[in-house]
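Dumped structure-v9.txt below, it's compact mmCIF, C-alpha atoms:
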```txt
# COMPACT_ATOMS: atom_id res chain seq x y z
CA MET A 1 -122.56 -210.17 -28.79
CA ILE A 2 -121.15 -207.07 -30.46
CA TRP A 3 -122.47 -206.01 -33.87
CA LEU A 4 -120.15 -204.12 -36.19
CA THR A 5 -120.98 -200.76 -37.73
CA ASP A 6 -119.80 -199.23 -41.00
CA LYS A 7 -116.60 -198.20 -39.23
CA ILE A 8 -113.76 -200.65 -39.88
CA GLU A 9 -112.89 -201.77 -36.38
CA PHE A 10 -113.33 -204.80 -34.11
CA PRO A 11 -113.89 -205.10 -30.36
CA ASP A 12 -111.11 -206.08 -27.99
CA TYR A 13 -110.20 -209.78 -28.03
CA SER A 14 -111.44 -210.09 -24.45
CA TYR A 15 -115.00 -209.85 -25.77
CA SER A 16 -114.75 -213.11 -27.72
CA THR A 17 -116.77 -216.14 -26.70
CA GLU A 18 -115.22 -219.47 -25.66
CA SER A 19 -115.72 -220.66 -29.23
CA GLY A 20 -113.77 -217.65 -30.52
CA ILE A 21 -116.62 -215.52 -31.88
CA LEU A 22 -115.61 -211.87 -31.62
CA ALA A 23 -118.32 -209.97 -33.50
CA LEU A 24 -121.20 -210.17 -35.96
CA GLY A 25 -122.20 -208.20 -39.03
CA GLY A 26 -120.20 -205.68 -40.99
CA ASP A 27 -119.23 -206.43 -44.57
CA LEU A 28 -116.67 -208.30 -46.68
CA SER A 29 -115.01 -205.29 -48.24
CA VAL A 30 -111.34 -205.56 -49.15
CA GLU A 31 -110.50 -202.95 -46.51
CA ARG A 32 -112.33 -204.74 -43.68
CA LEU A 33 -110.99 -208.17 -44.60
CA LEU A 34 -107.40 -206.93 -44.75
CA TYR A 35 -107.81 -205.18 -41.40
CA ALA A 36 -109.33 -208.34 -39.92
CA TYR A 37 -106.52 -210.65 -41.06
CA GLU A 38 -103.88 -208.19 -39.94
CA ASN A 39 -105.39 -208.58 -36.47
CA GLY A 40 -105.84 -212.34 -36.51
CA ILE A 41 -109.58 -212.25 -37.23
CA PHE A 42 -111.40 -214.12 -39.99
CA PRO A 43 -115.03 -214.58 -41.15
CA TRP A 44 -116.72 -217.98 -40.96
CA TYR A 45 -120.45 -218.38 -41.42
CA SER A 46 -123.11 -220.09 -43.53
CA GLU A 47 -125.39 -218.82 -46.29
CA GLY A 48 -128.33 -216.83 -44.88
CA GLU A 49 -126.55 -216.01 -41.61
CA PRO A 50 -124.98 -212.69 -40.57
CA ILE A 51 -121.20 -212.53 -41.01
CA VAL A 52 -119.52 -214.11 -37.99
CA TRP A 53 -115.98 -212.97 -37.11
CA TYR A 54 -113.63 -215.31 -35.24
CA CYS A 55 -110.38 -215.09 -33.33
CA PRO A 56 -110.06 -218.52 -31.61
CA LEU A 57 -108.55 -218.85 -28.15
CA GLU A 58 -106.33 -221.59 -29.59
CA ARG A 59 -104.93 -221.31 -33.09
CA MET A 60 -103.98 -224.22 -35.33
CA VAL A 61 -100.65 -223.38 -36.99
CA LEU A 62 -97.74 -225.00 -38.74
CA TYR A 63 -94.17 -223.88 -38.23
CA PRO A 64 -92.57 -224.88 -41.56
CA ASN A 65 -89.68 -226.63 -39.80
CA ASP A 66 -92.21 -228.89 -38.06
CA LEU A 67 -93.59 -230.24 -41.32
CA LYS A 68 -93.99 -234.02 -41.26
CA ILE A 69 -93.94 -235.97 -44.52
CA SER A 70 -94.73 -239.66 -44.37
CA LYS A 71 -92.62 -242.17 -46.29
CA SER A 72 -95.49 -242.83 -48.68
CA MET A 73 -95.79 -239.11 -49.40
CA GLN A 74 -92.02 -238.84 -49.86
CA ASN A 75 -92.22 -241.57 -52.49
CA LEU A 76 -95.06 -239.78 -54.28
CA LEU A 77 -93.12 -236.52 -54.25
CA LYS A 78 -90.15 -238.25 -55.85
CA LYS A 79 -92.37 -239.61 -58.62
CA ASN A 80 -93.46 -236.07 -59.59
CA ALA A 81 -97.02 -237.33 -59.97
CA PHE A 82 -98.37 -233.77 -59.92
CA THR A 83 -97.44 -230.36 -61.29
CA ILE A 84 -97.62 -227.38 -58.91
CA THR A 85 -98.38 -223.79 -59.91
CA GLU A 86 -99.10 -220.62 -57.94
CA ASN A 87 -101.78 -218.01 -58.65
CA LYS A 88 -102.65 -219.43 -62.06
CA SER A 89 -106.27 -220.40 -61.42
CA PHE A 90 -107.40 -218.69 -58.22
CA GLU A 91 -111.08 -218.55 -59.19
CA GLU A 92 -111.11 -222.23 -60.13
CA VAL A 93 -109.47 -223.17 -56.83
CA ILE A 94 -111.95 -221.27 -54.67
CA TYR A 95 -114.86 -222.58 -56.73
CA ASN A 96 -113.71 -226.16 -56.13
CA CYS A 97 -113.18 -225.49 -52.43
CA LYS A 98 -116.74 -224.17 -52.33
CA THR A 99 -118.47 -226.94 -54.25
CA ILE A 100 -116.54 -230.18 -53.74
CA ASP A 101 -118.15 -232.90 -51.61
CA ARG A 102 -116.31 -233.46 -48.33
CA ASN A 103 -116.49 -236.31 -45.86
CA ASP A 104 -115.92 -233.87 -42.99
CA GLY A 105 -118.77 -231.61 -44.08
CA LEU A 106 -116.54 -228.56 -44.43
CA GLY A 107 -116.49 -226.33 -47.48
CA THR A 108 -120.11 -225.23 -47.61
CA TRP A 109 -119.26 -222.17 -45.50
CA ILE A 110 -117.85 -220.48 -48.63
CA THR A 111 -120.91 -218.45 -49.59
CA ASN A 112 -121.32 -216.64 -52.91
CA ASP A 113 -120.42 -213.38 -51.18
CA MET A 114 -117.31 -214.96 -49.62
CA GLU A 115 -116.24 -216.31 -53.00
CA ARG A 116 -116.54 -212.87 -54.59
CA ALA A 117 -114.80 -211.18 -51.65
CA TYR A 118 -111.71 -213.39 -51.85
CA ILE A 119 -111.53 -213.02 -55.62
CA ASN A 120 -111.46 -209.26 -54.96
CA LEU A 121 -108.61 -209.80 -52.51
CA HIS A 122 -106.77 -211.87 -55.11
CA GLU A 123 -107.19 -209.11 -57.69
CA LYS A 124 -105.63 -206.73 -55.14
CA GLY A 125 -102.67 -209.11 -54.71
CA ALA A 126 -103.51 -210.14 -51.14
CA ALA A 127 -105.09 -213.57 -51.67
CA LYS A 128 -103.00 -216.36 -53.18
CA SER A 129 -103.63 -219.83 -54.53
CA ILE A 130 -101.64 -222.99 -55.12
CA GLU A 131 -102.83 -225.33 -57.84
CA VAL A 132 -102.14 -229.05 -58.24
CA TRP A 133 -102.41 -230.48 -61.75
CA ARG A 134 -102.31 -234.01 -63.16
CA PHE A 135 -102.10 -235.05 -66.79
CA SER A 136 -105.26 -236.75 -68.03
CA VAL A 137 -104.59 -239.45 -70.59
CA LYS A 138 -108.28 -239.45 -71.48
CA ASN A 139 -108.45 -235.73 -72.23
CA GLN A 140 -104.78 -235.34 -73.20
CA LYS A 141 -104.26 -232.27 -71.02
CA LYS A 142 -103.42 -231.23 -67.49
CA GLU A 143 -106.41 -231.03 -65.17
CA LEU A 144 -106.78 -229.27 -61.82
CA VAL A 145 -107.06 -231.98 -59.16
CA GLY A 146 -106.29 -230.08 -55.95
CA GLY A 147 -105.26 -226.82 -54.41
CA LEU A 148 -105.60 -224.30 -51.62
CA TYR A 149 -105.97 -220.56 -51.13
CA GLY A 150 -105.42 -217.96 -48.42
CA LEU A 151 -103.93 -214.57 -47.59
CA GLU A 152 -100.39 -213.34 -47.06
CA VAL A 153 -100.06 -211.20 -43.93
CA ASN A 154 -96.68 -210.07 -42.55
CA GLY A 155 -94.78 -213.21 -43.48
CA ILE A 156 -97.65 -215.52 -42.49
CA PHE A 157 -99.85 -217.49 -44.86
CA CYS A 158 -103.39 -217.47 -43.51
CA GLY A 159 -104.92 -220.57 -45.06
CA GLU A 160 -108.61 -220.53 -45.88
CA SER A 161 -109.53 -223.78 -47.62
CA MET A 162 -108.19 -226.64 -49.72
CA PHE A 163 -109.62 -229.37 -51.91
CA SER A 164 -108.68 -232.68 -53.52
CA LYS A 165 -110.25 -234.49 -56.43
CA VAL A 166 -107.70 -237.31 -56.15
CA SER A 167 -105.84 -238.76 -53.17
CA ASN A 168 -103.03 -236.62 -51.72
CA ALA A 169 -103.51 -233.65 -54.06
CA SER A 170 -104.24 -231.16 -51.27
CA LYS A 171 -101.32 -232.58 -49.27
CA PHE A 172 -99.05 -231.80 -52.21
CA ALA A 173 -100.29 -228.20 -52.19
CA PHE A 174 -99.79 -227.86 -48.43
CA ILE A 175 -96.31 -229.40 -48.51
CA HIS A 176 -95.33 -227.09 -51.36
CA LEU A 177 -96.55 -224.13 -49.30
CA ALA A 178 -94.61 -225.21 -46.23
CA GLN A 179 -91.41 -225.83 -48.19
CA SER A 180 -91.57 -222.59 -50.20
CA ASN A 181 -89.44 -220.69 -47.65
CA LYS A 182 -91.79 -217.71 -48.07
CA TYR A 183 -93.52 -217.85 -44.69
CA HIS A 184 -92.55 -217.89 -41.03
CA LEU A 185 -95.82 -219.54 -40.11
CA ILE A 186 -98.88 -221.10 -41.77
CA ASP A 187 -102.15 -220.24 -40.06
CA CYS A 188 -104.62 -223.13 -40.23
CA GLN A 189 -107.16 -221.30 -38.02
CA VAL A 190 -108.89 -224.15 -36.15
CA TYR A 191 -107.93 -227.70 -35.24
CA ASN A 192 -107.88 -230.14 -38.12
CA PRO A 193 -106.75 -233.76 -37.61
CA HIS A 194 -105.64 -234.02 -41.25
CA LEU A 195 -103.23 -231.09 -40.82
CA ALA A 196 -102.12 -232.38 -37.43
CA THR A 197 -100.63 -235.41 -39.18
CA LEU A 198 -98.53 -232.98 -41.23
CA GLY A 199 -97.12 -231.30 -38.13
CA ALA A 200 -99.62 -228.54 -37.41
CA LYS A 201 -100.47 -227.86 -33.75
CA GLU A 202 -102.49 -225.51 -31.58
CA ILE A 203 -100.93 -222.50 -29.87
CA GLU A 204 -102.44 -219.86 -27.60
CA ARG A 205 -104.12 -216.89 -29.26
CA SER A 206 -101.74 -214.50 -27.51
CA GLU A 207 -98.73 -216.32 -28.97
CA PHE A 208 -100.22 -216.27 -32.47
CA LEU A 209 -101.01 -212.53 -32.25
CA LYS A 210 -97.48 -211.82 -31.02
CA ILE A 211 -96.04 -213.59 -34.08
CA LEU A 212 -98.53 -211.86 -36.37
CA LYS A 213 -97.45 -208.45 -35.10
CA SER A 214 -93.72 -209.22 -35.16
CA LYS A 215 -91.44 -207.47 -37.61
CA PHE A 216 -89.48 -209.92 -39.76
```
If you took the structure in this file and wrote it as structure tokens, what would it be?
Amino acid sequence: MIWLTDKIEFPDYSYSTESGILALGGDLSVERLLYAYENGIFPWYSEGEPIVWYCPLERMVLYPNDLKISKSMQNLLKKNAFTITENKSFEEVIYNCKTIDRNDGLGTWITNDMERAYINLHEKGAAKSIEVWRFSVKNQKKELVGGLYGLEVNGIFCGESMFSKVSNASKFAFIHLAQSNKYHLIDCQVYNPHLATLGAKEIERSEFLKILKSKF
């Protein structure tokens, strides 16, 4: 396993393991993270572990034209049950992604350092969020009930995490992202059955990297 130095570089993709691990160590500086995402690499590790850098052999992606919306979701969209905003509450979105209880066990990988690092990226204009709000009759105000965040890289949205406090809220955020006409591809990183129902699928790493490096 290759350990990174202070120099901002990564080993050749051929050095990755079958699970997609490419390197360990390094830091979460804005410069290194931007360089990583520009080359299809992302960090994914738990608190107390060294930083683990991934570039999976198979990449879960969504081509916006492949988006699948069920009839029940279409009906909910027509009812305008939620309000969607962009980049209004990035810190609140990542905090919820970090702390919300999940049936699948995901979410805890967002360490304190990761949270701070992506807030830094947001402050630099690289990381983006989508917020889903619902009016609370009890509190007489709109409350954040779902959302997602990620990075924009060369016409691709590299999704990091999403959350829902009520049913379908994260789906609303994802559908909004796919229908925004801003991106050629949405990178979902690794296989997720929830996103597969919305049309996402796995492609070879080489195909993903070719798209990532394309000039649009």
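Considering the residues A:Arg59, A:Lys141, A:Lys165, A:Lys78 and counting only C-alpha atoms, Ser19 (chain A) has its shortest atom-to-atom contact with A:Arg59.
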Open item on the list: Under the rule that all atoms listed in the file are counted, which of A:Tyr54, A:Glu91, A:Leu185, A:Tyr45 is the nearest residue to Pro11 (chain A)?
Closed with: A:Tyr54
TODO: Please provide as a VMD selection string all residues within 10 Å of Arg134 (chain A), with the sequence filter that same-chain residues fewer than 4 positions apart are discarded (counting only C-alpha atoms).
DONE: chain A and resid 80 to 84 141 to 146 166 169
- [ ] Compare A:Lys124, A:Lys213, A:Lys171, A:His194 by their minimum atom-to-atom distance to Glu31 (chain A), counting all atoms listed in the file, and give me the closest one.
- [x] A:Lys124
Open item on the list: Here is a test: counting only C-alpha atoms, which residue of A:Cys158, A:Ala127, A:Val132, A:Ile21 is nearest to Ala173 (chain A)?
Closed with: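 So, comparing all the options, the nearest one is A:Val132.
Of the listed residues A:Leu67, A:Ala117, A:Met73, A:Leu24, the one whose atoms come nearest to Ala196 (chain A) is A:Leu67, with distances taken using only C-alpha atoms.
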TODO: Select, from A:Arg116, A:His184, A:His122, A:Lys138, the residue with the minimum atom-to-atom distance to Leu28 (chain A), counting only C-alpha atoms.
DONE: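 Among A:Arg116, A:His184, A:His122, A:Lys138, it is A:Arg116 that comes nearest to Leu28 (chain A).
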Task: Spatial neighbours of Glu202 (chain A), 7 Å, only C-alpha atoms, chain gap at least 4 places, as a list in words - done: Glu58, Arg59, Met60, Val61 and Tyr191 of chain A
Task: Interatomic distance, CA of Phe135 (chain A) to CA of Gly150 (chain A) (Å, one decimal) - done: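 We find that CA of Phe135 (chain A) and CA of Gly150 (chain A) lie 25.3 Å from each other.
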Open item on the list: Report, in Å to a single decimal, how far apart CA of Asn192 (chain A) and CA of Trp133 (chain A) are.
Closed with: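 According to the coordinates, CA of Trp133 (chain A) and CA of Asn192 (chain A) are separated by 24.3 Å.
Note that the spacing between CA of Tyr37 (chain A) and CA of Glu152 (chain A) amounts to 9.0 Å.
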TODO: For Trp44 (chain A), work out the shell of residues within 9 Å, counting all atoms listed in the file and skipping chain neighbours fewer than 4 positions away, then give it as a list in words.
DONE: Ile51, Val52, Trp53, Tyr54, Trp109 and Ile110 of chain A
Let's have the selection written as a short mmCIF file (atom, residue, chain, number, x, y, z; two decimals), in the frame of the given file, with C-alpha atoms.
```cif
data_model
loop_
_atom_site.label_atom_id
_atom_site.label_comp_id
_atom_site.auth_asym_id
_atom_site.auth_seq_id
_atom_site.Cartn_x
_atom_site.Cartn_y
_atom_site.Cartn_z
CA ILE A 51 -121.20 -212.53 -41.01
CA VAL A 52 -119.52 -214.11 -37.99
CA TRP A 53 -115.98 -212.97 -37.11
CA TYR A 54 -113.63 -215.31 -35.24
CA TRP A 109 -119.26 -222.17 -45.50
CA ILE A 110 -117.85 -220.48 -48.63
#
```
